[in-house]
$ cat run_21.txt   # compact mmCIF, C-alpha atoms and all ligand atoms
# COMPACT_ATOMS: atom_id res chain seq x y z
CA MET A 1 114.29 74.03 40.18
CA ALA A 2 115.56 72.40 43.36
CA THR A 3 118.71 73.83 44.85
CA SER A 4 120.87 72.52 47.63
CA PRO A 5 122.28 75.33 49.76
CA LYS A 6 123.94 73.16 52.36
CA SER A 7 127.58 72.92 53.22
CA PRO A 8 128.32 69.43 54.52
CA LYS A 9 131.15 70.83 56.63
CA SER A 10 129.25 72.52 59.42
CA PRO A 11 127.62 70.47 62.16
CA GLU A 12 125.19 73.31 62.79
CA ARG A 13 121.87 74.04 61.25
CA ALA A 14 121.89 76.52 58.43
CA THR A 15 119.95 78.97 60.58
CA SER A 16 122.72 79.32 63.11
CA ARG A 17 125.51 80.46 60.80
CA ALA A 18 124.61 84.10 60.81
CA GLU A 19 126.70 87.17 60.82
CA ALA A 20 124.23 89.98 60.15
CA PRO A 21 120.47 90.00 59.76
CA PRO A 22 119.35 89.98 56.12
CA ALA A 23 116.72 92.26 54.69
CA PRO A 24 113.35 90.68 55.48
CA ALA A 25 111.13 89.39 52.71
CA PRO A 26 107.69 90.99 52.63
CA ALA A 27 105.00 89.37 54.75
CA PRO A 28 101.96 87.97 52.91
CA ALA A 29 99.18 90.39 52.01
CA ILE A 30 96.06 88.54 53.07
CA THR A 31 92.96 90.33 54.31
CA PRO A 32 91.66 88.73 57.52
CA LEU A 33 88.15 87.29 57.64
CA SER A 34 85.54 89.91 58.48
CA ALA A 35 84.01 89.90 61.97
CA GLU A 36 80.74 88.66 60.39
CA ALA A 37 82.49 85.79 58.61
CA GLN A 38 84.25 84.81 61.86
CA THR A 39 80.96 84.80 63.75
CA ALA A 40 79.26 82.80 60.99
CA ALA A 41 82.06 80.22 61.27
CA GLY A 42 81.49 79.93 65.03
CA ILE A 43 84.76 81.67 65.88
CA LEU A 44 84.61 83.62 69.12
CA PRO A 45 86.20 87.10 69.17
CA ALA A 46 89.51 87.77 70.90
CA SER A 47 87.61 89.66 73.62
CA HIS A 48 85.96 86.36 74.65
CA TRP A 49 89.36 85.08 75.77
CA THR A 50 90.87 88.31 77.07
CA ALA A 51 87.81 88.86 79.31
CA GLN A 52 88.30 85.52 81.10
CA PRO A 53 90.67 85.00 84.02
CA LEU A 54 93.94 83.69 82.71
CA PRO A 55 95.09 80.25 83.75
CA GLU A 56 98.38 80.10 85.64
CA GLU A 57 101.25 80.41 83.23
CA ASP A 58 103.83 77.65 83.37
CA PRO A 59 106.96 79.74 83.87
CA GLY A 60 109.13 77.17 82.14
CA ASN A 61 106.99 77.42 79.09
CA ASP A 62 106.93 81.11 78.51
CA THR A 63 110.57 81.90 78.68
CA ALA A 64 110.91 81.37 74.96
CA SER A 65 109.22 84.54 73.84
CA THR A 66 107.52 84.55 70.49
CA ILE A 67 109.12 87.88 69.84
CA GLY A 68 112.63 87.98 68.55
CA SER A 69 113.36 84.31 69.19
CA PHE A 70 115.09 84.23 65.83
CA THR A 71 118.04 86.52 65.61
CA SER A 72 120.70 84.63 63.74
CA THR A 73 120.26 84.03 60.07
CA THR A 74 122.40 83.05 57.17
CA ALA A 75 123.08 86.53 55.93
CA SER A 76 126.56 85.48 54.92
CA LEU A 77 124.96 83.30 52.27
CA ALA A 78 123.63 86.32 50.43
CA SER A 79 120.54 84.87 48.87
CA SER A 80 116.88 85.76 49.04
CA ILE A 81 116.04 82.29 50.32
CA TYR A 82 117.64 83.31 53.60
CA GLN A 83 115.82 86.63 53.76
CA TYR A 84 113.10 85.35 56.00
CA ARG A 85 109.80 87.15 56.23
CA THR A 86 108.63 88.16 59.68
CA ILE A 87 105.08 88.02 61.01
CA GLN A 88 104.50 89.23 64.54
CA GLY A 89 108.09 88.58 65.52
CA ARG A 90 108.26 85.05 64.09
CA THR A 91 110.19 84.21 60.93
CA TYR A 92 108.98 82.29 57.89
CA HIS A 93 110.68 81.10 54.72
CA GLY A 94 112.11 83.58 52.20
CA GLU A 95 110.83 84.15 48.68
CA MET A 96 110.32 80.85 46.84
CA GLY A 97 108.01 81.59 43.93
CA ASN A 98 104.44 81.34 45.20
CA ALA A 99 105.31 79.31 48.30
CA GLU A 100 103.45 80.48 51.39
CA SER A 101 104.05 78.43 54.52
CA TRP A 102 102.32 78.95 57.84
CA TRP A 103 105.09 77.10 59.73
CA PRO A 104 107.59 79.41 61.46
CA ASN A 105 111.19 78.49 60.69
CA ASP A 106 112.87 79.93 63.77
CA LYS A 107 114.79 77.98 66.38
CA ARG A 108 111.86 77.64 68.74
CA HIS A 109 109.68 76.09 66.08
CA ILE A 110 112.41 73.81 64.74
CA ASP A 111 112.77 72.47 68.29
CA ALA A 112 109.00 71.91 68.40
CA MET A 113 109.12 70.12 65.03
CA GLU A 114 111.81 67.80 66.36
CA ILE A 115 109.55 66.79 69.24
CA LEU A 116 106.69 66.45 66.75
CA HIS A 117 108.74 63.94 64.77
CA HIS A 118 109.09 61.76 67.86
CA ALA A 119 105.40 62.23 68.69
CA LEU A 120 104.37 61.17 65.17
CA VAL A 121 106.61 58.11 65.11
CA LEU A 122 105.07 57.03 68.43
CA GLN A 123 101.60 57.11 66.85
CA THR A 124 102.72 54.30 64.52
CA ASP A 125 104.37 52.21 67.27
CA GLY A 126 107.82 53.56 66.52
CA LYS A 127 107.63 52.85 62.78
CA LEU A 128 108.80 55.48 60.29
CA TYR A 129 106.46 54.10 57.62
CA LEU A 130 103.63 51.58 57.26
CA SER A 131 104.12 50.74 53.56
CA PRO A 132 105.31 47.16 53.02
CA LEU A 133 108.80 48.17 51.92
CA GLU A 134 111.34 45.49 51.08
CA LYS A 135 114.68 46.65 52.42
CA ASN A 136 116.79 45.43 49.52
CA LYS A 137 114.48 47.12 46.99
CA VAL A 138 114.62 50.64 48.39
CA HIS A 139 117.40 52.64 46.76
CA LYS A 140 116.06 56.15 46.35
CA VAL A 141 113.62 57.97 48.64
CA LEU A 142 111.96 61.38 48.57
CA ASP A 143 110.65 63.13 51.71
CA ILE A 144 108.42 66.06 50.76
CA ALA A 145 108.38 69.08 53.16
CA THR A 146 110.83 67.41 55.50
CA GLY A 147 110.69 70.17 58.17
CA SER A 148 113.24 69.34 60.85
CA GLY A 149 114.66 66.67 58.52
CA LEU A 150 114.55 64.06 61.28
CA TRP A 151 112.33 61.65 59.33
CA SER A 152 114.82 61.68 56.42
CA ILE A 153 117.75 61.20 58.77
CA ASP A 154 116.14 58.33 60.69
CA PHE A 155 115.04 56.67 57.46
CA ALA A 156 118.55 56.98 56.03
CA ASP A 157 119.94 55.32 59.17
CA GLU A 158 117.48 52.46 58.81
CA PHE A 159 118.18 52.12 55.07
CA PRO A 160 121.93 52.79 54.78
CA ASN A 161 121.95 51.66 51.14
CA ALA A 162 119.24 54.11 50.11
CA GLU A 163 119.77 57.71 49.06
CA VAL A 164 117.25 59.98 50.81
CA ILE A 165 116.34 63.45 49.55
CA GLY A 166 114.37 65.73 51.88
CA THR A 167 112.84 68.89 50.42
CA ASP A 168 111.50 72.04 52.04
CA VAL A 169 110.98 75.75 51.35
CA SER A 170 113.09 76.59 54.42
CA PRO A 171 116.79 75.68 54.62
CA ILE A 172 116.56 74.73 58.28
CA GLN A 173 117.68 71.11 58.24
CA PRO A 174 120.88 70.00 59.96
CA THR A 175 124.02 69.76 57.87
CA TRP A 176 125.62 67.05 59.99
CA VAL A 177 123.66 64.15 58.56
CA PRO A 178 124.26 60.56 57.42
CA PRO A 179 126.11 60.45 54.08
CA ASN A 180 123.05 59.05 52.33
CA VAL A 181 120.83 62.08 53.10
CA LYS A 182 120.67 65.39 51.31
CA PHE A 183 118.29 68.30 51.63
CA GLU A 184 117.07 70.45 48.77
CA LEU A 185 115.04 73.62 48.62
CA ASP A 186 111.88 72.93 46.71
CA ASP A 187 108.26 74.04 46.75
CA CYS A 188 106.04 70.97 46.59
CA ASN A 189 103.36 73.03 44.80
CA SER A 190 105.69 73.91 41.92
CA GLU A 191 106.63 71.64 39.06
CA TRP A 192 108.55 68.59 40.28
CA THR A 193 111.82 68.45 38.38
CA TRP A 194 112.84 64.86 39.14
CA PRO A 195 112.67 62.52 36.14
CA ASP A 196 109.90 59.92 35.81
CA ASN A 197 110.34 56.66 37.75
CA THR A 198 113.08 57.93 40.08
CA PHE A 199 112.04 56.93 43.61
CA ASP A 200 111.22 53.67 45.35
CA PHE A 201 109.41 55.50 48.13
CA VAL A 202 107.85 58.96 48.41
CA ASN A 203 107.00 60.10 51.92
CA MET A 204 104.64 63.03 52.55
CA ARG A 205 103.99 63.55 56.24
CA PHE A 206 101.92 66.30 57.80
CA LEU A 207 101.31 68.57 54.81
CA GLY A 208 98.09 70.14 56.14
CA GLY A 209 97.71 73.77 55.08
CA ILE A 210 100.61 73.77 52.63
CA VAL A 211 99.29 71.94 49.54
CA ASP A 212 97.50 73.90 46.80
CA ASP A 213 96.21 70.86 44.92
CA TRP A 214 96.30 67.40 46.49
CA TYR A 215 95.42 65.69 43.21
CA ALA A 216 98.42 67.31 41.52
CA LEU A 217 100.57 66.34 44.50
CA PHE A 218 99.71 62.65 44.15
CA GLN A 219 100.06 62.83 40.35
CA ASN A 220 103.55 64.21 40.81
CA ALA A 221 104.36 61.51 43.36
CA TYR A 222 103.05 58.89 40.91
CA ARG A 223 105.17 60.19 38.05
CA VAL A 224 108.43 60.22 40.03
CA CYS A 225 107.71 56.88 41.73
CA LYS A 226 109.28 53.80 40.14
CA PRO A 227 106.87 51.07 39.04
CA GLY A 228 106.39 48.94 42.15
CA GLY A 229 107.37 51.88 44.37
CA TRP A 230 105.25 53.23 47.23
CA VAL A 231 103.84 56.56 48.26
CA GLU A 232 102.86 57.22 51.87
CA SER A 233 100.93 60.18 53.25
CA SER A 234 100.21 61.01 56.88
CA GLY A 235 97.66 63.71 57.50
CA SER A 236 95.27 64.71 60.24
CA SER A 237 91.75 65.92 60.81
CA GLU A 238 91.37 69.66 61.28
CA SER A 239 88.64 69.14 63.88
CA PHE A 240 88.85 67.66 67.34
CA PHE A 241 86.36 65.12 68.68
CA SER A 242 85.37 63.44 71.93
CA HIS A 243 83.46 60.19 72.39
CA ASP A 244 81.82 61.35 75.62
CA GLY A 245 80.89 64.98 74.93
CA THR A 246 83.63 66.40 77.16
CA LEU A 247 84.90 68.53 74.29
CA LYS A 248 82.51 71.45 74.35
CA GLU A 249 81.56 73.81 71.57
CA GLY A 250 83.25 77.16 72.24
CA SER A 251 86.15 75.61 74.16
CA ALA A 252 89.61 76.72 73.12
CA ILE A 253 90.34 73.30 71.57
CA ASP A 254 87.10 73.49 69.58
CA GLN A 255 88.02 77.00 68.47
CA TRP A 256 91.50 75.86 67.43
CA GLY A 257 89.86 73.39 65.01
CA LYS A 258 87.46 76.01 63.68
CA VAL A 259 90.19 78.55 63.00
CA PHE A 260 92.30 75.97 61.16
CA GLN A 261 89.22 75.03 59.15
CA GLN A 262 88.57 78.64 58.14
CA GLY A 263 92.29 79.22 57.61
CA GLY A 264 92.44 76.34 55.14
CA LYS A 265 89.48 77.77 53.23
CA LYS A 266 90.89 81.26 53.21
CA LEU A 267 94.34 80.19 52.07
CA GLY A 268 92.97 77.60 49.62
CA ARG A 269 95.06 74.89 51.30
CA THR A 270 93.02 72.63 53.50
CA PHE A 271 93.96 71.34 56.92
CA GLY A 272 91.13 68.79 56.85
CA ILE A 273 93.07 65.98 55.19
CA TYR A 274 91.08 63.32 57.02
CA GLU A 275 87.70 65.01 56.56
CA ALA A 276 88.28 65.42 52.80
CA ASP A 277 89.44 61.79 52.45
CA ILE A 278 91.96 63.36 50.12
CA GLN A 279 94.75 60.83 50.54
CA ARG A 280 92.68 57.89 49.29
CA LYS A 281 90.98 59.94 46.54
CA GLY A 282 94.24 61.53 45.40
CA MET A 283 96.11 58.22 45.30
CA GLU A 284 93.27 56.50 43.43
CA ALA A 285 92.99 59.32 40.89
CA ALA A 286 96.74 59.27 40.29
CA GLY A 287 96.71 55.52 39.58
CA PHE A 288 98.16 54.04 42.77
CA VAL A 289 96.89 50.56 43.68
CA ASP A 290 96.82 48.43 46.85
CA ILE A 291 95.82 51.56 48.75
CA GLN A 292 95.43 51.09 52.47
CA TYR A 293 95.11 53.40 55.41
CA ARG A 294 95.13 53.38 59.18
CA ASP A 295 93.15 55.91 61.23
CA ILE A 296 94.75 56.61 64.58
CA GLU A 297 92.99 58.49 67.38
CA VAL A 298 95.56 60.83 68.89
CA PRO A 299 94.51 61.90 72.41
CA VAL A 300 94.82 65.61 73.13
CA GLY A 301 96.72 65.50 76.41
CA VAL A 302 97.27 62.62 78.78
CA TRP A 303 93.67 61.78 79.71
CA HIS A 304 93.52 58.36 78.05
CA PRO A 305 93.18 55.37 80.44
CA ASP A 306 95.30 53.18 78.18
CA LYS A 307 98.94 53.74 79.07
CA LYS A 308 100.24 53.59 75.51
CA ALA A 309 97.57 55.96 74.23
CA ALA A 310 98.32 58.34 77.12
CA GLU A 311 101.99 58.26 76.17
CA ARG A 312 101.09 59.08 72.56
CA GLY A 313 99.00 61.98 73.84
CA LEU A 314 101.78 63.13 76.15
CA TRP A 315 104.31 63.40 73.34
CA TYR A 316 101.90 65.18 71.06
CA LYS A 317 101.12 67.59 73.89
CA LEU A 318 104.84 68.22 74.41
CA ALA A 319 105.25 68.93 70.69
CA ILE A 320 102.43 71.48 70.72
CA GLU A 321 103.38 73.02 74.06
CA ALA A 322 106.92 73.52 72.84
CA ASP A 323 105.54 76.30 70.65
CA VAL A 324 101.76 76.81 70.82
CA GLU A 325 102.29 80.44 69.84
CA GLY A 326 104.23 79.40 66.75
CA TYR A 327 101.50 77.00 65.65
CA ILE A 328 98.83 79.69 65.85
CA ASN A 329 100.82 82.81 64.96
CA TYR A 330 100.23 82.85 61.20
CA LEU A 331 96.54 81.93 61.13
CA TRP A 332 95.45 83.98 64.13
CA ASN A 333 97.18 87.01 62.67
CA VAL A 334 96.66 86.61 58.93
CA VAL A 335 93.22 84.97 59.01
CA LEU A 336 91.68 86.51 62.13
CA GLY A 337 93.66 89.73 62.37
CA TRP A 338 94.38 89.26 66.08
CA THR A 339 97.28 91.00 67.78
CA PRO A 340 100.12 88.86 69.22
CA GLU A 341 98.86 89.68 72.73
CA GLU A 342 95.38 88.39 71.90
CA ALA A 343 96.79 85.24 70.32
CA LYS A 344 98.99 84.74 73.35
CA VAL A 345 96.01 84.90 75.71
CA PHE A 346 94.23 82.32 73.55
CA ALA A 347 97.36 80.14 73.64
CA ARG A 348 97.23 80.10 77.44
CA HIS A 349 93.61 79.01 77.43
CA VAL A 350 94.27 76.26 74.94
CA LYS A 351 97.28 75.05 76.94
CA ARG A 352 95.11 74.84 80.05
CA GLU A 353 92.52 72.74 78.23
CA TRP A 354 95.19 70.55 76.65
CA ASN A 355 96.30 69.76 80.24
CA ASP A 356 92.78 69.20 81.60
CA PRO A 357 92.26 65.46 82.19
CA ASN A 358 88.49 65.96 82.13
CA ILE A 359 88.48 66.93 78.45
CA HIS A 360 88.71 63.67 76.52
CA SER A 361 89.37 65.08 73.08
CA TYR A 362 91.34 63.60 70.24
CA PHE A 363 92.01 64.14 66.57
CA ILE A 364 92.48 61.61 63.81
CA LEU A 365 95.81 60.92 62.17
CA ARG A 366 95.38 59.02 58.92
CA VAL A 367 98.36 57.19 57.47
CA ALA A 368 97.68 56.08 53.89
CA TRP A 369 99.90 54.21 51.46
CA GLY A 370 99.66 52.95 47.89
CA ARG A 371 101.78 51.27 45.22
CA LYS A 372 102.52 52.32 41.65
CA PRO A 373 101.71 49.32 39.44
CA GLU A 374 104.64 47.48 37.80
C1 LIG B 1 104.39 70.63 56.68
S1 LIG B 1 105.39 70.38 58.03
C2 LIG B 1 106.27 68.96 57.63
C3 LIG B 1 106.82 68.21 58.76
C4 LIG B 1 107.63 66.99 58.37
N1 LIG B 1 107.20 66.42 57.12
C5 LIG B 1 107.41 65.97 59.46
O1 LIG B 1 106.53 65.15 59.31
O2 LIG B 1 108.11 66.05 60.49
C6 LIG B 1 106.44 71.66 58.06
C7 LIG B 1 107.38 71.96 56.92
O3 LIG B 1 106.72 72.15 55.66
C8 LIG B 1 107.47 73.12 54.96
N2 LIG B 1 106.69 73.65 53.85
C9 LIG B 1 105.68 74.52 53.90
N3 LIG B 1 105.21 74.79 52.66
C10 LIG B 1 105.95 74.05 51.80
C11 LIG B 1 105.95 73.89 50.40
N4 LIG B 1 105.10 74.54 49.63
N5 LIG B 1 106.86 73.03 49.84
C12 LIG B 1 107.75 72.38 50.62
N6 LIG B 1 107.80 72.50 51.97
C13 LIG B 1 106.91 73.32 52.56
C14 LIG B 1 107.78 74.14 56.05
O4 LIG B 1 108.86 74.95 55.69
C15 LIG B 1 108.07 73.25 57.25
O5 LIG B 1 109.43 73.02 57.42

$ encode --input "run_21.txt" --output "structure tokens" --more "lines below"
Ligand SMILES: C[S@@+](CC[C@H](N)C(=O)[O-])C[C@H]1O[C@@H](n2cnc3c(N)ncnc32)[C@H](O)[C@@H]1O
Amino acid sequence: MATSPKSPKSPERATSRAEAPPAPAPAPAITPLSAEAQTAAGILPASHWTAQPLPEEDPGNDTASTIGSFTSTTASLASSIYQYRTIQGRTYHGEMGNAESWWPNDKRHIDAMEILHHALVLQTDGKLYLSPLEKNKVHKVLDIATGSGLWSIDFADEFPNAEVIGTDVSPIQPTWVPPNVKFELDDCNSEWTWPDNTFDFVNMRFLGGIVDDWYALFQNAYRVCKPGGWVESSGSSESFFSHDGTLKEGSAIDQWGKVFQQGGKKLGRTFGIYEADIQRKGMEAAGFVDIQYRDIEVPVGVWHPDKKAAERGLWYKLAIEADVEGYINYLWNVVLGWTPEEAKVFARHVKREWNDPNIHSYFILRVAWGRKPE
């Protein structure tokens, strides 16, 4: 059942209202992949990276340590949902049934998610959605796994007559929001409790690695969508590509893709949304019609000769650089069994490559949308 833990009175995020640290929820018990399985998947051992000279560290980038960056929590709201689990010094959501998110929910990662919102909106030329919405017909909107909540907030500003509900397993969204936005705690893999035909628009952006069953997800979206309403899903490839062979096998960027690929398999929640063509298949199977999608090449870094593409790459780079360690912490620890120090060394190598203008890599962002028949 969805719950709304927010007080509309405080301008601060829920995470900053702490008085005393709560008891931590247990970390997930997942056995890392064996060394043989890692080798078979083309994943290089941690020693490969620790044996190489380290690239210069950008001092401005490392001041936000991965350890202990989250100290204030909402202990005063004595509830298990605020008893965040800790993995290698980073915090994750509290107990929410079977929910198991790889996204840290500490301040450093929320900041990174806010930059990511801007980076993602830039990929679609500043548009929050690509569905052909008619402004006067959008009254109720659902934003699944809202993260920083910025998409919901921006959408609510653009559609002041619509009520926007953003859901997440972490109560990290701001409380100082437009009056037509509210945030609810909800696990998108659990039963959806909204009645049939409730929403004019269901937005599901960047759900890689968190969805147990994409077919069930789109079925749920179909059920709660009003006839004539739209669903939109933005998801990425798990692999990186280059048109000119400058992305080499065994590079840190290549390895990043491989670990996410294995992580998705291990957790049973894929990151390869684009590779699996799961948005189109899921929407079709659920009954959506007029399905369309746009595949966007997102440059990794600022190498692209086209100024607009380079700007898109720059913002994505900034979003990742804001917390590389947070993006890799869960998988590199839980799936590979690496220590934080080993993961940190890898992070420095990947940052160097992300800033190398000679590596012309990109990934694919697919935005797909479909309509529920009248
Ligand atoms: C998946 S991303 C979403 C980002 C956001 N939709 C955007 O595009 O800016 C990160 C969020 O997903 C949330 N999340 C992870 N697993 C979830 C689940 N099972 N149900 C709902 N939210 C989940 C995390 O807590 C995190 O805040």

$ closest_atom_pairs --input "run_21.txt" --of "chain A" --to "ligand LIG 1 (chain B)" --cutoff "8 Å" --atoms "only C-alpha atoms and all ligand atoms" --output "Markdown table"
| residue | atom | partner | partner_atom | distance |
| --- | --- | --- | --- | --- |
| A:Tyr92 | CA | B:LIG1 | O4 | 7.7 |
| A:His93 | CA | B:LIG1 | O4 | 6.5 |
| A:Ala99 | CA | B:LIG1 | N4 | 5.0 |
| A:Glu100 | CA | B:LIG1 | N3 | 6.1 |
| A:Ser101 | CA | B:LIG1 | N3 | 4.2 |
| A:Trp102 | CA | B:LIG1 | C9 | 6.8 |
| A:Trp103 | CA | B:LIG1 | C14 | 5.4 |
| A:Pro104 | CA | B:LIG1 | O4 | 7.4 |
| A:Asn105 | CA | B:LIG1 | O4 | 6.6 |
| A:Ile110 | CA | B:LIG1 | O5 | 7.9 |
| A:Met113 | CA | B:LIG1 | O2 | 6.2 |
| A:Glu114 | CA | B:LIG1 | O2 | 7.2 |
| A:Leu116 | CA | B:LIG1 | O2 | 6.4 |
| A:His117 | CA | B:LIG1 | O2 | 4.8 |
| A:Leu120 | CA | B:LIG1 | O1 | 7.4 |
| A:Asp143 | CA | B:LIG1 | N1 | 7.2 |
| A:Ile144 | CA | B:LIG1 | C12 | 6.4 |
| A:Ala145 | CA | B:LIG1 | N6 | 3.7 |
| A:Thr146 | CA | B:LIG1 | N1 | 4.1 |
| A:Gly147 | CA | B:LIG1 | O5 | 3.2 |
| A:Ser148 | CA | B:LIG1 | O2 | 6.1 |
| A:Gly149 | CA | B:LIG1 | O2 | 6.9 |
| A:Leu150 | CA | B:LIG1 | O2 | 6.8 |
| A:Trp151 | CA | B:LIG1 | O2 | 6.2 |
| A:Thr167 | CA | B:LIG1 | C12 | 6.2 |
| A:Asp168 | CA | B:LIG1 | N6 | 3.7 |
| A:Val169 | CA | B:LIG1 | N6 | 4.6 |
| A:Ser170 | CA | B:LIG1 | O4 | 4.7 |
| A:Ile172 | CA | B:LIG1 | O5 | 7.4 |
| A:Leu185 | CA | B:LIG1 | C12 | 7.7 |
| A:Asp186 | CA | B:LIG1 | C12 | 5.7 |
| A:Asp187 | CA | B:LIG1 | N5 | 3.5 |
| A:Cys188 | CA | B:LIG1 | N5 | 3.9 |
| A:Asn189 | CA | B:LIG1 | N4 | 5.4 |
| A:Ser190 | CA | B:LIG1 | N4 | 7.8 |
| A:Met204 | CA | B:LIG1 | N1 | 6.2 |
| A:Arg205 | CA | B:LIG1 | O1 | 4.3 |
| A:Phe206 | CA | B:LIG1 | O1 | 5.0 |
| A:Leu207 | CA | B:LIG1 | C1 | 4.2 |
| A:Gly208 | CA | B:LIG1 | C1 | 6.3 |
| A:Gly209 | CA | B:LIG1 | C1 | 7.6 |
| A:Ile210 | CA | B:LIG1 | N3 | 4.7 |
| A:Val211 | CA | B:LIG1 | N4 | 6.4 |
| A:Ser234 | CA | B:LIG1 | O1 | 7.9 |

$ residues_around --input "run_21.txt" --residues "segment 35-44 of chain A" --least-positions-apart "3" --cutoff "12 Å" --atoms "all atoms listed in the file" --output "PyMOL selection string"
chain A and resi 31-32+47-51+249-263+265-266+332+335-338+346

$ axis_aligned_box --input "run_21.txt" --around "segment 338-355 of chain A" --padding-each-side "3 Å" --output "lines of an AutoDock Vina configuration file"
center_x = 96.3
center_y = 80.4
center_z = 73.2
size_x = 13.6
size_y = 27.2
size_z = 20.2

$ atom_distance --input "run_21.txt" --atom1 "atom CA of Ile278 of chain A" --atom2 "atom CA of Phe363 of chain A"
16.5 Å

$ atom_distance --input "run_21.txt" --atom1 "atom CA of Ile320 of chain A" --atom2 "atom CA of Ser236 of chain A"
14.4 Å

$ atom_distance --input "run_21.txt" --atom1 "atom CA of His139 of chain A" --atom2 "atom CA of Gln123 of chain A"
25.9 Å

$ closest_atom_pairs --input "run_21.txt" --of "segment 200-256 of chain A" --to "segment 284-291 of chain A" --cutoff "8 Å" --atoms "only C-alpha atoms" --output "tab-separated table"
residue	atom	partner	partner_atom	distance
A:Tyr215	CA	A:Ala286	CA	7.2
A:Phe218	CA	A:Ala286	CA	5.9
A:Gln219	CA	A:Ala286	CA	4.9
A:Tyr222	CA	A:Ala286	CA	6.4

$ residues_around --input "run_21.txt" --residues "Lys372 of chain A" --least-positions-apart "4" --cutoff "6 Å" --atoms "all atoms listed in the file" --output "PyMOL selection string"
chain A and resi 227-229+288

$ closest_residue --input "run_21.txt" --among "A:Ala347, A:Thr175, A:Arg312, A:Gly166" --to "Gly126 of chain A" --atoms "only C-alpha atoms"
A:Arg312

$ residues_around --input "run_21.txt" --residues "Arg366 of chain A" --least-positions-apart "4" --cutoff "9 Å" --atoms "all atoms listed in the file" --output "PyMOL selection string"
chain A and resi 233-237+273-274+279+293-297

$ closest_residue --input "run_21.txt" --among "A:Gly272, A:Gly326, A:Gly264, A:Pro357" --to "Trp303 of chain A" --atoms "only C-alpha atoms"
A:Pro357

$ residues_around --input "run_21.txt" --residues "Glu321 of chain A" --least-positions-apart "4" --cutoff "12 Å" --atoms "all atoms listed in the file" --output "PDB file with C-alpha atoms, in the frame of the given file"
ATOM      1  CA  GLU A  57     101.250  80.410  83.230  1.00  0.00           C
ATOM      2  CA  ASP A  58     103.830  77.650  83.370  1.00  0.00           C
ATOM      3  CA  GLY A  60     109.130  77.170  82.140  1.00  0.00           C
ATOM      4  CA  ASN A  61     106.990  77.420  79.090  1.00  0.00           C
ATOM      5  CA  ASP A  62     106.930  81.110  78.510  1.00  0.00           C
ATOM      6  CA  ALA A  64     110.910  81.370  74.960  1.00  0.00           C
ATOM      7  CA  ARG A 108     111.860  77.640  68.740  1.00  0.00           C
ATOM      8  CA  HIS A 109     109.680  76.090  66.080  1.00  0.00           C
ATOM      9  CA  ASP A 111     112.770  72.470  68.290  1.00  0.00           C
ATOM     10  CA  ALA A 112     109.000  71.910  68.400  1.00  0.00           C
ATOM     11  CA  MET A 113     109.120  70.120  65.030  1.00  0.00           C
ATOM     12  CA  ILE A 115     109.550  66.790  69.240  1.00  0.00           C
ATOM     13  CA  LEU A 116     106.690  66.450  66.750  1.00  0.00           C
ATOM     14  CA  VAL A 300      94.820  65.610  73.130  1.00  0.00           C
ATOM     15  CA  GLY A 301      96.720  65.500  76.410  1.00  0.00           C
ATOM     16  CA  GLY A 313      99.000  61.980  73.840  1.00  0.00           C
ATOM     17  CA  LEU A 314     101.780  63.130  76.150  1.00  0.00           C
ATOM     18  CA  TRP A 315     104.310  63.400  73.340  1.00  0.00           C
ATOM     19  CA  TYR A 316     101.900  65.180  71.060  1.00  0.00           C
ATOM     20  CA  LYS A 317     101.120  67.590  73.890  1.00  0.00           C
ATOM     21  CA  GLU A 325     102.290  80.440  69.840  1.00  0.00           C
ATOM     22  CA  GLY A 326     104.230  79.400  66.750  1.00  0.00           C
ATOM     23  CA  TYR A 327     101.500  77.000  65.650  1.00  0.00           C
ATOM     24  CA  ILE A 328      98.830  79.690  65.850  1.00  0.00           C
ATOM     25  CA  ALA A 347      97.360  80.140  73.640  1.00  0.00           C
ATOM     26  CA  ARG A 348      97.230  80.100  77.440  1.00  0.00           C
ATOM     27  CA  HIS A 349      93.610  79.010  77.430  1.00  0.00           C
ATOM     28  CA  VAL A 350      94.270  76.260  74.940  1.00  0.00           C
ATOM     29  CA  LYS A 351      97.280  75.050  76.940  1.00  0.00           C
ATOM     30  CA  ARG A 352      95.110  74.840  80.050  1.00  0.00           C
ATOM     31  CA  GLU A 353      92.520  72.740  78.230  1.00  0.00           C
ATOM     32  CA  TRP A 354      95.190  70.550  76.650  1.00  0.00           C
ATOM     33  CA  ASN A 355      96.300  69.760  80.240  1.00  0.00           C
TER      34      ASN A 355
END

$ closest_residue --input "run_21.txt" --among "A:Tyr362, A:Ser131, A:Ala276, A:Leu267" --to "Leu33 of chain A" --atoms "all atoms listed in the file"
A:Leu267

$ build_atoms --input "run_21.txt" --residues "segment 347-351 of chain A" --atoms "N, CA and C atoms" --output "compact mmCIF listing (two decimals), keeping the file's coordinate frame"
# COMPACT_ATOMS: atom_id res chain seq x y z
N ALA A 347 96.42 81.27 73.48
CA ALA A 347 97.36 80.14 73.64
C ALA A 347 97.34 79.63 75.08
N ARG A 348 97.23 80.54 76.03
CA ARG A 348 97.23 80.10 77.44
C ARG A 348 95.97 79.33 77.77
N HIS A 349 94.85 79.75 77.19
CA HIS A 349 93.61 79.01 77.43
C HIS A 349 93.68 77.62 76.80
N VAL A 350 94.22 77.56 75.61
CA VAL A 350 94.27 76.26 74.94
C VAL A 350 95.24 75.32 75.67
N LYS A 351 96.32 75.88 76.18
CA LYS A 351 97.28 75.05 76.94
C LYS A 351 96.59 74.48 78.18
